[in-house]
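Trainee: File follows, upload-v3.cif with mmCIF, C-alpha atoms:
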```cif
data_structure
loop_
_atom_site.group_PDB
_atom_site.id
_atom_site.type_symbol
_atom_site.label_atom_id
_atom_site.label_comp_id
_atom_site.auth_asym_id
_atom_site.auth_seq_id
_atom_site.Cartn_x
_atom_site.Cartn_y
_atom_site.Cartn_z
ATOM 1 C CA MET A 1140 6.511 -4.906 4.743
ATOM 2 C CA ILE A 1141 9.876 -3.407 3.805
ATOM 3 C CA THR A 1142 11.368 -5.553 1.055
ATOM 4 C CA THR A 1143 14.108 -3.187 -0.141
ATOM 5 C CA TYR A 1144 16.156 -0.605 1.710
ATOM 6 C CA HIS A 1145 18.022 2.326 0.123
ATOM 7 C CA ARG A 1146 20.154 5.026 1.724
ATOM 8 C CA PRO A 1147 20.760 7.690 -0.943
ATOM 9 C CA GLN A 1148 23.591 10.175 -0.502
ATOM 10 C CA THR A 1149 22.070 13.008 -2.534
ATOM 11 C CA LEU A 1150 18.640 14.570 -2.849
ATOM 12 C CA ALA A 1151 18.534 13.784 -6.572
ATOM 13 C CA GLU A 1152 19.248 10.124 -5.863
ATOM 14 C CA ALA A 1153 16.496 10.041 -3.246
ATOM 15 C CA LEU A 1154 13.971 11.603 -5.626
ATOM 16 C CA THR A 1155 14.879 9.103 -8.345
ATOM 17 C CA LEU A 1156 14.272 6.210 -5.949
ATOM 18 C CA LEU A 1157 11.031 7.718 -4.672
ATOM 19 C CA SER A 1158 9.702 7.989 -8.225
ATOM 20 C CA GLN A 1159 9.626 4.192 -8.408
ATOM 21 C CA PRO A 1160 6.431 2.280 -7.523
ATOM 22 C CA ASN A 1161 5.832 1.343 -3.881
ATOM 23 C CA SER A 1162 8.651 3.569 -2.642
ATOM 24 C CA LEU A 1163 8.263 5.572 0.554
ATOM 25 C CA PRO A 1164 10.603 7.958 2.379
ATOM 26 C CA LEU A 1165 12.015 6.757 5.686
ATOM 27 C CA GLY A 1166 12.647 9.464 8.264
ATOM 28 C CA GLY A 1167 12.105 8.404 11.850
ATOM 29 C CA GLY A 1168 10.581 5.059 10.930
ATOM 30 C CA THR A 1169 7.451 5.436 13.059
ATOM 31 C CA LEU A 1170 5.145 5.054 10.056
ATOM 32 C CA LEU A 1171 6.952 2.367 8.088
ATOM 33 C CA SER A 1172 7.303 0.291 11.246
ATOM 34 C CA HIS A 1173 3.557 -0.400 11.174
ATOM 35 C CA PRO A 1174 2.824 -3.945 9.953
ATOM 36 C CA THR A 1175 1.591 -4.262 6.365
ATOM 37 C CA THR A 1176 1.444 -7.024 3.788
ATOM 38 C CA ASP A 1177 2.243 -4.651 0.902
ATOM 39 C CA PRO A 1178 5.863 -4.644 -0.324
ATOM 40 C CA VAL A 1179 7.585 -1.311 0.243
ATOM 41 C CA GLN A 1180 10.902 0.131 -0.883
ATOM 42 C CA ALA A 1181 12.209 2.256 1.997
ATOM 43 C CA VAL A 1182 14.256 5.294 0.993
ATOM 44 C CA ASP A 1183 16.206 6.366 4.074
ATOM 45 C CA LEU A 1184 16.683 10.164 4.183
ATOM 46 C CA GLN A 1185 19.144 10.283 7.078
ATOM 47 C CA ALA A 1186 22.212 11.031 4.959
ATOM 48 C CA LEU A 1187 20.679 14.099 3.279
ATOM 49 C CA GLY A 1188 21.161 16.603 6.098
ATOM 50 C CA LEU A 1189 17.480 17.485 6.364
ATOM 51 C CA ASN A 1190 17.372 17.528 10.158
ATOM 52 C CA SER A 1191 18.577 21.048 10.949
ATOM 53 C CA ILE A 1192 16.551 23.703 12.781
ATOM 54 C CA ASN A 1193 17.691 27.286 12.202
ATOM 55 C CA LYS A 1194 16.281 30.714 12.871
ATOM 56 C CA LYS A 1195 16.507 32.863 9.737
ATOM 57 C CA GLY A 1196 15.000 36.308 9.885
ATOM 58 C CA ASN A 1197 11.395 36.013 10.990
ATOM 59 C CA ASP A 1198 11.205 32.285 10.269
ATOM 60 C CA LEU A 1199 12.229 29.094 12.006
ATOM 61 C CA GLU A 1200 13.429 26.778 9.232
ATOM 62 C CA ILE A 1201 12.782 23.184 10.266
ATOM 63 C CA GLY A 1202 14.317 20.382 8.258
ATOM 64 C CA ALA A 1203 11.888 17.646 7.289
ATOM 65 C CA THR A 1204 13.703 14.902 9.211
ATOM 66 C CA ALA A 1205 14.169 16.909 12.401
ATOM 67 C CA SER A 1206 12.502 15.020 15.236
ATOM 68 C CA LEU A 1207 9.541 16.372 17.148
ATOM 69 C CA GLN A 1208 11.662 16.261 20.297
ATOM 70 C CA SER A 1209 14.457 18.322 18.750
ATOM 71 C CA LEU A 1210 11.907 20.969 17.764
ATOM 72 C CA LEU A 1211 10.425 20.875 21.254
ATOM 73 C CA GLU A 1212 13.869 21.446 22.769
ATOM 74 C CA ASN A 1213 14.823 24.261 20.379
ATOM 75 C CA SER A 1214 15.004 27.612 22.149
ATOM 76 C CA ALA A 1215 13.229 29.399 19.285
ATOM 77 C CA CYS A 1216 10.196 27.105 19.372
ATOM 78 C CA PRO A 1217 7.187 29.032 20.786
ATOM 79 C CA ASP A 1218 6.061 27.785 24.195
ATOM 80 C CA ALA A 1219 2.485 27.185 23.024
ATOM 81 C CA LEU A 1220 3.769 25.058 20.156
ATOM 82 C CA LYS A 1221 5.751 23.003 22.659
ATOM 83 C CA THR A 1222 2.469 22.242 24.432
ATOM 84 C CA ALA A 1223 0.977 20.986 21.157
ATOM 85 C CA ILE A 1224 4.040 18.835 20.442
ATOM 86 C CA LYS A 1225 3.867 17.204 23.882
ATOM 87 C CA LEU A 1226 0.231 16.319 23.218
ATOM 88 C CA GLU A 1227 1.055 14.898 19.793
ATOM 89 C CA ALA A 1228 3.045 11.919 21.055
ATOM 90 C CA PRO A 1229 4.886 10.576 24.124
ATOM 91 C CA ILE A 1230 8.603 11.246 24.397
ATOM 92 C CA ASN A 1231 9.707 7.855 23.076
ATOM 93 C CA ILE A 1232 7.815 8.558 19.849
ATOM 94 C CA ARG A 1233 8.865 12.223 19.715
ATOM 95 C CA ASN A 1234 12.521 11.176 19.770
ATOM 96 C CA SER A 1235 12.124 9.333 16.458
ATOM 97 C CA ALA A 1236 9.091 10.833 14.700
ATOM 98 C CA THR A 1237 10.012 13.526 12.192
ATOM 99 C CA VAL A 1238 8.155 16.803 11.727
ATOM 100 C CA ALA A 1239 7.378 16.013 8.077
ATOM 101 C CA GLY A 1240 6.275 12.447 8.773
ATOM 102 C CA THR A 1241 4.029 13.621 11.599
ATOM 103 C CA LEU A 1242 2.429 16.230 9.366
ATOM 104 C CA VAL A 1243 1.875 13.827 6.463
ATOM 105 C CA ALA A 1244 0.334 11.180 8.733
ATOM 106 C CA SER A 1245 -1.766 13.615 10.779
ATOM 107 C CA ASP A 1246 -5.531 13.639 11.001
ATOM 108 C CA GLY A 1247 -7.960 16.156 12.438
ATOM 109 C CA ARG A 1248 -7.043 15.201 15.999
ATOM 110 C CA SER A 1249 -3.399 16.204 15.576
ATOM 111 C CA PRO A 1250 -2.396 19.119 17.847
ATOM 112 C CA PHE A 1251 0.803 19.595 15.833
ATOM 113 C CA ALA A 1252 -0.991 19.898 12.494
ATOM 114 C CA THR A 1253 -3.581 22.211 14.058
ATOM 115 C CA ALA A 1254 -0.819 24.489 15.315
ATOM 116 C CA LEU A 1255 0.953 24.601 11.941
ATOM 117 C CA LEU A 1256 -2.326 25.373 10.169
ATOM 118 C CA SER A 1257 -2.988 28.280 12.508
ATOM 119 C CA MET A 1258 0.506 29.699 12.039
ATOM 120 C CA ASP A 1259 0.155 29.608 8.245
ATOM 121 C CA THR A 1260 3.419 27.707 7.997
ATOM 122 C CA ARG A 1261 4.963 27.138 4.588
ATOM 123 C CA ILE A 1262 5.980 23.697 3.398
ATOM 124 C CA GLU A 1263 8.735 23.271 0.823
ATOM 125 C CA GLN A 1264 8.481 20.212 -1.414
ATOM 126 C CA VAL A 1265 10.755 19.052 -4.214
ATOM 127 C CA THR A 1266 10.375 16.938 -7.334
ATOM 128 C CA LEU A 1267 12.767 15.741 -10.017
ATOM 129 C CA ALA A 1268 12.101 17.056 -13.515
ATOM 130 C CA GLY A 1269 14.619 15.331 -15.759
ATOM 131 C CA LEU A 1270 17.962 16.111 -14.130
ATOM 132 C CA LYS A 1271 16.692 19.241 -12.397
ATOM 133 C CA ILE A 1272 15.305 19.461 -8.868
ATOM 134 C CA GLU A 1273 12.259 21.701 -8.753
ATOM 135 C CA SER A 1274 10.992 23.265 -5.556
ATOM 136 C CA LYS A 1275 7.494 24.406 -4.645
ATOM 137 C CA ILE A 1276 6.265 26.059 -1.472
ATOM 138 C CA LEU A 1277 2.719 25.489 -0.237
ATOM 139 C CA ASN A 1278 1.150 26.991 2.832
ATOM 140 C CA SER A 1279 -0.254 24.553 5.359
ATOM 141 C CA GLY A 1280 -3.827 25.346 4.322
ATOM 142 C CA GLU A 1281 -3.050 24.181 0.789
ATOM 143 C CA PHE A 1282 -1.075 21.137 1.897
ATOM 144 C CA LEU A 1283 -3.225 19.543 4.578
ATOM 145 C CA PRO A 1284 -6.457 18.817 2.681
ATOM 146 C CA LEU A 1285 -4.695 17.151 -0.281
ATOM 147 C CA ARG A 1286 -1.355 15.912 1.122
ATOM 148 C CA PRO A 1287 0.544 16.040 -2.207
ATOM 149 C CA ALA A 1288 3.033 13.184 -2.306
ATOM 150 C CA ASN A 1289 6.098 15.228 -3.303
ATOM 151 C CA LEU A 1290 9.012 15.031 -0.879
ATOM 152 C CA ILE A 1291 8.968 17.607 1.925
ATOM 153 C CA ILE A 1292 12.399 19.042 2.689
ATOM 154 C CA LYS A 1293 11.603 21.998 4.934
ATOM 155 C CA ILE A 1294 8.877 23.619 7.029
ATOM 156 C CA LEU A 1295 8.988 27.387 7.521
ATOM 157 C CA LEU A 1296 7.454 28.570 10.774
ATOM 158 C CA PRO A 1297 6.785 32.310 11.300
ATOM 159 C CA LEU A 1298 8.181 33.751 14.522
ATOM 160 C CA ASN A 1299 6.983 37.361 14.176
ATOM 161 C CA THR A 1300 3.550 36.474 15.581
ATOM 162 C CA LYS A 1301 1.666 35.887 18.797
ATOM 163 C CA PHE A 1302 0.653 32.247 19.113
ATOM 164 C CA ALA A 1303 -1.598 30.510 21.644
ATOM 165 C CA PHE A 1304 -2.865 26.953 22.021
ATOM 166 C CA ASP A 1305 -5.478 25.430 24.317
ATOM 167 C CA PHE A 1306 -7.307 22.116 24.454
ATOM 168 C CA VAL A 1307 -9.639 19.737 26.259
ATOM 169 C CA SER A 1308 -9.175 15.967 26.378
ATOM 170 C CA ARG A 1309 -10.572 13.047 28.345
ATOM 171 C CA THR A 1310 -7.253 12.333 30.041
ATOM 172 C CA PRO A 1311 -3.845 14.031 29.896
ATOM 173 C CA ALA A 1312 -2.583 11.122 27.780
ATOM 174 C CA ASP A 1313 -5.327 11.430 25.142
ATOM 175 C CA LYS A 1314 -5.252 13.565 22.054
ATOM 176 C CA PRO A 1315 -7.688 16.469 22.388
ATOM 177 C CA ILE A 1316 -11.420 16.207 21.802
ATOM 178 C CA VAL A 1317 -11.165 19.884 20.865
ATOM 179 C CA CYS A 1318 -8.084 22.049 20.500
ATOM 180 C CA ALA A 1319 -7.713 25.633 19.363
ATOM 181 C CA ALA A 1320 -4.615 27.280 17.917
ATOM 182 C CA LEU A 1321 -4.649 31.050 17.440
ATOM 183 C CA THR A 1322 -2.070 33.192 15.669
ATOM 184 C CA GLN A 1323 -2.067 36.962 15.432
ATOM 185 C CA TRP A 1324 0.229 39.183 13.400
ATOM 186 C CA ALA A 1325 1.247 42.776 14.170
ATOM 187 C CA SER A 1326 -1.080 43.930 11.400
ATOM 188 C CA GLY A 1327 -4.035 42.503 13.337
ATOM 189 C CA ARG A 1328 -4.477 39.517 11.076
ATOM 190 C CA THR A 1329 -5.942 36.714 13.181
ATOM 191 C CA ARG A 1330 -5.979 33.058 12.186
ATOM 192 C CA LEU A 1331 -7.816 30.343 14.132
ATOM 193 C CA ALA A 1332 -7.421 26.599 13.526
ATOM 194 C CA LEU A 1333 -9.391 23.922 15.344
ATOM 195 C CA GLY A 1334 -8.481 20.275 15.883
ATOM 196 C CA GLY A 1335 -9.984 17.234 17.517
ATOM 197 C CA TYR A 1336 -12.240 16.012 14.742
ATOM 198 C CA GLY A 1337 -12.231 14.656 11.200
ATOM 199 C CA ARG A 1338 -9.519 13.904 8.670
ATOM 200 C CA SER A 1339 -7.762 17.246 8.903
ATOM 201 C CA PRO A 1340 -7.719 20.285 11.214
ATOM 202 C CA MET A 1341 -10.152 23.064 10.301
ATOM 203 C CA LEU A 1342 -9.295 26.660 9.500
ATOM 204 C CA ALA A 1343 -12.116 28.466 11.276
ATOM 205 C CA MET A 1344 -10.990 32.048 10.710
ATOM 206 C CA ASP A 1345 -8.397 34.062 8.808
ATOM 207 C CA GLY A 1346 -9.329 37.707 9.113
ATOM 208 C CA THR A 1347 -7.874 41.167 9.391
ATOM 209 C CA GLU A 1348 -8.863 41.330 13.071
ATOM 210 C CA ALA A 1349 -10.265 39.140 15.852
ATOM 211 C CA ASP A 1350 -13.885 40.296 15.665
ATOM 212 C CA GLY A 1351 -16.272 37.356 15.427
ATOM 213 C CA LEU A 1352 -13.715 34.855 16.700
ATOM 214 C CA GLU A 1353 -16.061 32.930 18.999
ATOM 215 C CA THR A 1354 -18.806 32.789 16.376
ATOM 216 C CA ALA A 1355 -16.350 31.464 13.807
ATOM 217 C CA ALA A 1356 -15.209 28.791 16.258
ATOM 218 C CA ARG A 1357 -18.769 27.661 16.940
ATOM 219 C CA ASN A 1358 -19.726 27.596 13.269
ATOM 220 C CA ALA A 1359 -16.765 25.403 12.342
ATOM 221 C CA TYR A 1360 -18.027 22.552 14.511
ATOM 222 C CA HIS A 1361 -21.769 22.599 13.833
ATOM 223 C CA GLU A 1362 -21.665 19.060 12.365
ATOM 224 C CA ALA A 1363 -18.733 17.638 14.342
ATOM 225 C CA ASN A 1364 -20.378 14.557 15.863
ATOM 226 C CA ASP A 1365 -18.354 11.401 16.472
ATOM 227 C CA GLU A 1366 -17.784 8.744 19.122
ATOM 228 C CA TRP A 1367 -15.728 11.164 21.213
ATOM 229 C CA ALA A 1368 -18.110 14.116 21.548
ATOM 230 C CA SER A 1369 -21.262 15.752 20.241
ATOM 231 C CA ALA A 1370 -21.277 18.700 17.876
ATOM 232 C CA GLU A 1371 -22.928 20.851 20.535
ATOM 233 C CA TYR A 1372 -20.147 20.128 23.022
ATOM 234 C CA ARG A 1373 -17.456 20.864 20.462
ATOM 235 C CA MET A 1374 -19.147 24.111 19.408
ATOM 236 C CA ASP A 1375 -19.229 25.356 22.992
ATOM 237 C CA MET A 1376 -15.686 24.263 23.773
ATOM 238 C CA ALA A 1377 -14.256 25.647 20.531
ATOM 239 C CA ALA A 1378 -15.684 29.076 21.330
ATOM 240 C CA THR A 1379 -14.395 28.912 24.914
ATOM 241 C CA LEU A 1380 -10.901 27.813 23.889
ATOM 242 C CA ALA A 1381 -10.676 30.438 21.148
ATOM 243 C CA LYS A 1382 -11.613 33.130 23.673
ATOM 244 C CA ARG A 1383 -8.984 31.849 26.123
ATOM 245 C CA CYS A 1384 -6.328 31.948 23.422
ATOM 246 C CA LEU A 1385 -7.204 35.508 22.484
ATOM 247 C CA GLU A 1386 -7.066 36.587 26.127
ATOM 248 C CA THR A 1387 -3.433 35.481 26.340
ATOM 249 C CA PHE A 1388 -2.572 38.217 23.816
ATOM 250 C CA GLN A 1389 -4.140 40.977 25.916
#
```
Now, as a test, write the supplied structure out as structure tokens.
Mentor:
Amino acid sequence: MITTYHRPQTLAEALTLLSQPNSLPLGGGTLLSHPTTDPVQAVDLQALGLNSINKKGNDLEIGATASLQSLLENSACPDALKTAIKLEAPINIRNSATVAGTLVASDGRSPFATALLSMDTRIEQVTLAGLKIESKILNSGEFLPLRPANLIIKILLPLNTKFAFDFVSRTPADKPIVCAALTQWASGRTRLALGGYGRSPMLAMDGTEADGLETAARNAYHEANDEWASAEYRMDMAATLAKRCLETFQ
């Protein structure tokens, strides 16, 4: 339950407020709108200008409070990533949900988080040390397992890659039972992330080439049993989807 509302005008002011107990950032409001009996101080980030999306060099710099829909509609957003975003949430949610909030709240079934893990995106977070704002950049593989609570201000998405995404789900409206996101760099580096299970997407492969891709996909899901699917099914589908993704590069 939101008991106090703040709308800071500077990043330093926001960080000061967020350092207080029971304070949470408010971006699109999709998370804080969930009912809870715990008192929460909402720190609205809308006035901080963190919603821009700009192409800079080989990166797409995505502000933390940019909506999923605005990223989907951006001309620089890779087509395969747009597919993952559409699966993440219906349009009414995408119009308000922020990229940072979606990433922080994601679980292993999140197509968006799976895609960002595959692309080895970088996540810029800030903290307040005395009067100084300190910045730290983590890659998505470091961020997702631990979800450090520092404020995200930017996500850096590489554009100088090939990226593919494929999935299986029970119905078009469901999140995937298995999804595969594959990124390949000009050097041959190949990075496979799998979603559809657990608390966080899995990094199944990060190698200098694509050899062993299907085996890596199968091995990642050897214990992935839950109410949605058996481990055996996920192992087979992960290998199939990874192969399909790789074929789109050829």
Trainee: When the PyMOL selection byres ((chain A and resi 1194-1200) around 12) is applied to the file above, which residues end up in the set, as number ranges by chain?
Mentor: A: 1189-1193, 1201-1205, 1210, 1213-1217, 1238, 1258-1263, 1292-1300, 1324
Trainee: Run the PyMOL selection byres ((chain A and resi 1289) around 7) on the file and write out the hits as a PyMOL selection string.
Mentor: chain A and resi 1264-1266+1287-1288+1290-1291
Trainee: How would you write as an MDAnalysis selection string the residues that get within 8 Å of (-5.3, 30.4, 16.7) in the file's frame, counting all atoms listed in the file?
Mentor: chainID A and resid 1254 1257:1258 1302:1304 1319:1323 1329:1333 1381 1384:1385
Trainee: With only C-alpha atoms as the atoms that count, which of A:Leu1256, A:Ala1181, A:Leu1207, A:Met1376 lies nearest to Arg1233 of chain A?
Mentor: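 Using only C-alpha atoms, Arg1233 of chain A sits closest to A:Leu1207.
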Trainee: Smallest atom-to-atom distance to Pro1340 of chain A: which of A:Ile1276, A:Leu1154, A:Val1307, A:Ala1359, using only C-alpha atoms?
Mentor: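 Of all the options, A:Ala1359 lies closest to Pro1340 of chain A.
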Trainee: Closest to Gly1334 of chain A among A:Asp1305, A:Glu1281, A:Asp1375, A:Asp1218, using all atoms listed in the file?
Mentor: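 The shortest atom-to-atom distance to Gly1334 of chain A comes from A:Asp1305.
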Trainee: Report as a ChimeraX atom specification the full result of the PyMOL selection byres ((chain A and resi 1311) around 12) when it is applied to this structure.
Mentor: /A:1222,1225-1229,1306-1310,1312-1316
Trainee: Need the axis-aligned box for segment 1358-1367 of chain A with 3 Å each side, so what are the centre and edges in Å to one decimal, as AutoDock Vina command-line options?
Mentor:
```
--center_x -18.7 --center_y 18.2 --center_z 16.8 --size_x 12.0 --size_y 24.9 --size_z 14.9
```
Trainee: Have a look at atom CA of Phe1388 of chain A and atom CA of Gln1208 of chain A and let me know their distance in Å, one decimal.
Mentor: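 Here the two named atoms are 26.4 Å from each other.
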Trainee: Determine the nearest neighbour of Ala1370 of chain A from the options A:Gly1351, A:Lys1271, A:Val1317, A:Gln1389, counting all atoms listed in the file.
Mentor: A:Val1317
Trainee: Enter the distance from atom CA of Gly1166 of chain A to atom CA of Ala1236 of chain A, in Å, rounded to one decimal.
Mentor: 7.5 Å
Trainee: In Å, with one decimal, what is the gap from atom CA of Thr1347 of chain A to atom CA of Ala1325 of chain A?
Mentor: 10.4 Å
Trainee: Some atoms are missing, so please complete segment 1227-1253 of chain A with N, CA and C atoms and return it as a PDB file, in the coordinates of the input.
Mentor:
```pdb
ATOM      1  N   GLU A1227       1.045  15.680  21.035  1.00  0.00           N
ATOM      2  CA  GLU A1227       1.055  14.898  19.793  1.00  0.00           C
ATOM      3  C   GLU A1227       1.487  13.459  20.026  1.00  0.00           C
ATOM      4  N   ALA A1228       2.495  13.267  20.869  1.00  0.00           N
ATOM      5  CA  ALA A1228       3.045  11.919  21.055  1.00  0.00           C
ATOM      6  C   ALA A1228       3.881  11.882  22.327  1.00  0.00           C
ATOM      7  N   PRO A1229       4.007  10.703  22.953  1.00  0.00           N
ATOM      8  CA  PRO A1229       4.886  10.576  24.124  1.00  0.00           C
ATOM      9  C   PRO A1229       6.346  10.713  23.709  1.00  0.00           C
ATOM     10  N   ILE A1230       7.212  10.908  24.687  1.00  0.00           N
ATOM     11  CA  ILE A1230       8.603  11.246  24.397  1.00  0.00           C
ATOM     12  C   ILE A1230       9.322  10.167  23.591  1.00  0.00           C
ATOM     13  N   ASN A1231       9.014   8.908  23.828  1.00  0.00           N
ATOM     14  CA  ASN A1231       9.707   7.855  23.076  1.00  0.00           C
ATOM     15  C   ASN A1231       9.381   7.930  21.588  1.00  0.00           C
ATOM     16  N   ILE A1232       8.176   8.359  21.251  1.00  0.00           N
ATOM     17  CA  ILE A1232       7.815   8.558  19.849  1.00  0.00           C
ATOM     18  C   ILE A1232       8.387   9.872  19.334  1.00  0.00           C
ATOM     19  N   ARG A1233       8.342  10.917  20.145  1.00  0.00           N
ATOM     20  CA  ARG A1233       8.865  12.223  19.715  1.00  0.00           C
ATOM     21  C   ARG A1233      10.347  12.159  19.375  1.00  0.00           C
ATOM     22  N   ASN A1234      11.082  11.281  20.035  1.00  0.00           N
ATOM     23  CA  ASN A1234      12.521  11.176  19.770  1.00  0.00           C
ATOM     24  C   ASN A1234      12.819  10.633  18.379  1.00  0.00           C
ATOM     25  N   SER A1235      11.879   9.907  17.788  1.00  0.00           N
ATOM     26  CA  SER A1235      12.124   9.333  16.458  1.00  0.00           C
ATOM     27  C   SER A1235      11.230   9.930  15.372  1.00  0.00           C
ATOM     28  N   ALA A1236      10.018  10.307  15.707  1.00  0.00           N
ATOM     29  CA  ALA A1236       9.091  10.833  14.700  1.00  0.00           C
ATOM     30  C   ALA A1236       9.597  12.154  14.137  1.00  0.00           C
ATOM     31  N   THR A1237       9.557  12.295  12.836  1.00  0.00           N
ATOM     32  CA  THR A1237      10.012  13.526  12.192  1.00  0.00           C
ATOM     33  C   THR A1237       8.859  14.511  12.036  1.00  0.00           C
ATOM     34  N   VAL A1238       9.201  15.790  11.883  1.00  0.00           N
ATOM     35  CA  VAL A1238       8.155  16.803  11.727  1.00  0.00           C
ATOM     36  C   VAL A1238       7.372  16.579  10.437  1.00  0.00           C
ATOM     37  N   ALA A1239       8.069  16.225   9.349  1.00  0.00           N
ATOM     38  CA  ALA A1239       7.378  16.013   8.077  1.00  0.00           C
ATOM     39  C   ALA A1239       6.510  14.764   8.131  1.00  0.00           C
ATOM     40  N   GLY A1240       7.047  13.677   8.677  1.00  0.00           N
ATOM     41  CA  GLY A1240       6.275  12.447   8.773  1.00  0.00           C
ATOM     42  C   GLY A1240       5.039  12.619   9.636  1.00  0.00           C
ATOM     43  N   THR A1241       5.176  13.363  10.720  1.00  0.00           N
ATOM     44  CA  THR A1241       4.029  13.621  11.599  1.00  0.00           C
ATOM     45  C   THR A1241       2.966  14.415  10.869  1.00  0.00           C
ATOM     46  N   LEU A1242       3.383  15.399  10.101  1.00  0.00           N
ATOM     47  CA  LEU A1242       2.429  16.230   9.366  1.00  0.00           C
ATOM     48  C   LEU A1242       1.718  15.425   8.283  1.00  0.00           C
ATOM     49  N   VAL A1243       2.461  14.622   7.539  1.00  0.00           N
ATOM     50  CA  VAL A1243       1.875  13.827   6.463  1.00  0.00           C
ATOM     51  C   VAL A1243       0.867  12.817   7.016  1.00  0.00           C
ATOM     52  N   ALA A1244       1.181  12.225   8.161  1.00  0.00           N
ATOM     53  CA  ALA A1244       0.334  11.180   8.733  1.00  0.00           C
ATOM     54  C   ALA A1244      -0.780  11.724   9.619  1.00  0.00           C
ATOM     55  N   SER A1245      -0.829  13.036   9.820  1.00  0.00           N
ATOM     56  CA  SER A1245      -1.766  13.615  10.779  1.00  0.00           C
ATOM     57  C   SER A1245      -3.213  13.496  10.314  1.00  0.00           C
ATOM     58  N   ASP A1246      -4.108  13.527  11.300  1.00  0.00           N
ATOM     59  CA  ASP A1246      -5.531  13.639  11.001  1.00  0.00           C
ATOM     60  C   ASP A1246      -6.062  14.856  11.748  1.00  0.00           C
ATOM     61  N   GLY A1247      -7.375  14.984  11.816  1.00  0.00           N
ATOM     62  CA  GLY A1247      -7.960  16.156  12.438  1.00  0.00           C
ATOM     63  C   GLY A1247      -7.724  16.261  13.926  1.00  0.00           C
ATOM     64  N   ARG A1248      -7.284  15.184  14.562  1.00  0.00           N
ATOM     65  CA  ARG A1248      -7.043  15.201  15.999  1.00  0.00           C
ATOM     66  C   ARG A1248      -5.598  15.593  16.345  1.00  0.00           C
ATOM     67  N   SER A1249      -4.811  15.905  15.349  1.00  0.00           N
ATOM     68  CA  SER A1249      -3.399  16.204  15.576  1.00  0.00           C
ATOM     69  C   SER A1249      -3.193  17.624  16.108  1.00  0.00           C
ATOM     70  N   PRO A1250      -2.701  17.781  17.344  1.00  0.00           N
ATOM     71  CA  PRO A1250      -2.396  19.119  17.847  1.00  0.00           C
ATOM     72  C   PRO A1250      -1.295  19.805  17.036  1.00  0.00           C
ATOM     73  N   PHE A1251      -0.314  19.028  16.595  1.00  0.00           N
ATOM     74  CA  PHE A1251       0.803  19.595  15.833  1.00  0.00           C
ATOM     75  C   PHE A1251       0.320  20.168  14.503  1.00  0.00           C
ATOM     76  N   ALA A1252      -0.478  19.410  13.768  1.00  0.00           N
ATOM     77  CA  ALA A1252      -0.991  19.898  12.494  1.00  0.00           C
ATOM     78  C   ALA A1252      -1.912  21.100  12.686  1.00  0.00           C
ATOM     79  N   THR A1253      -2.695  21.079  13.762  1.00  0.00           N
ATOM     80  CA  THR A1253      -3.581  22.211  14.058  1.00  0.00           C
ATOM     81  C   THR A1253      -2.770  23.473  14.295  1.00  0.00           C
TER      82      THR A1253
END
```
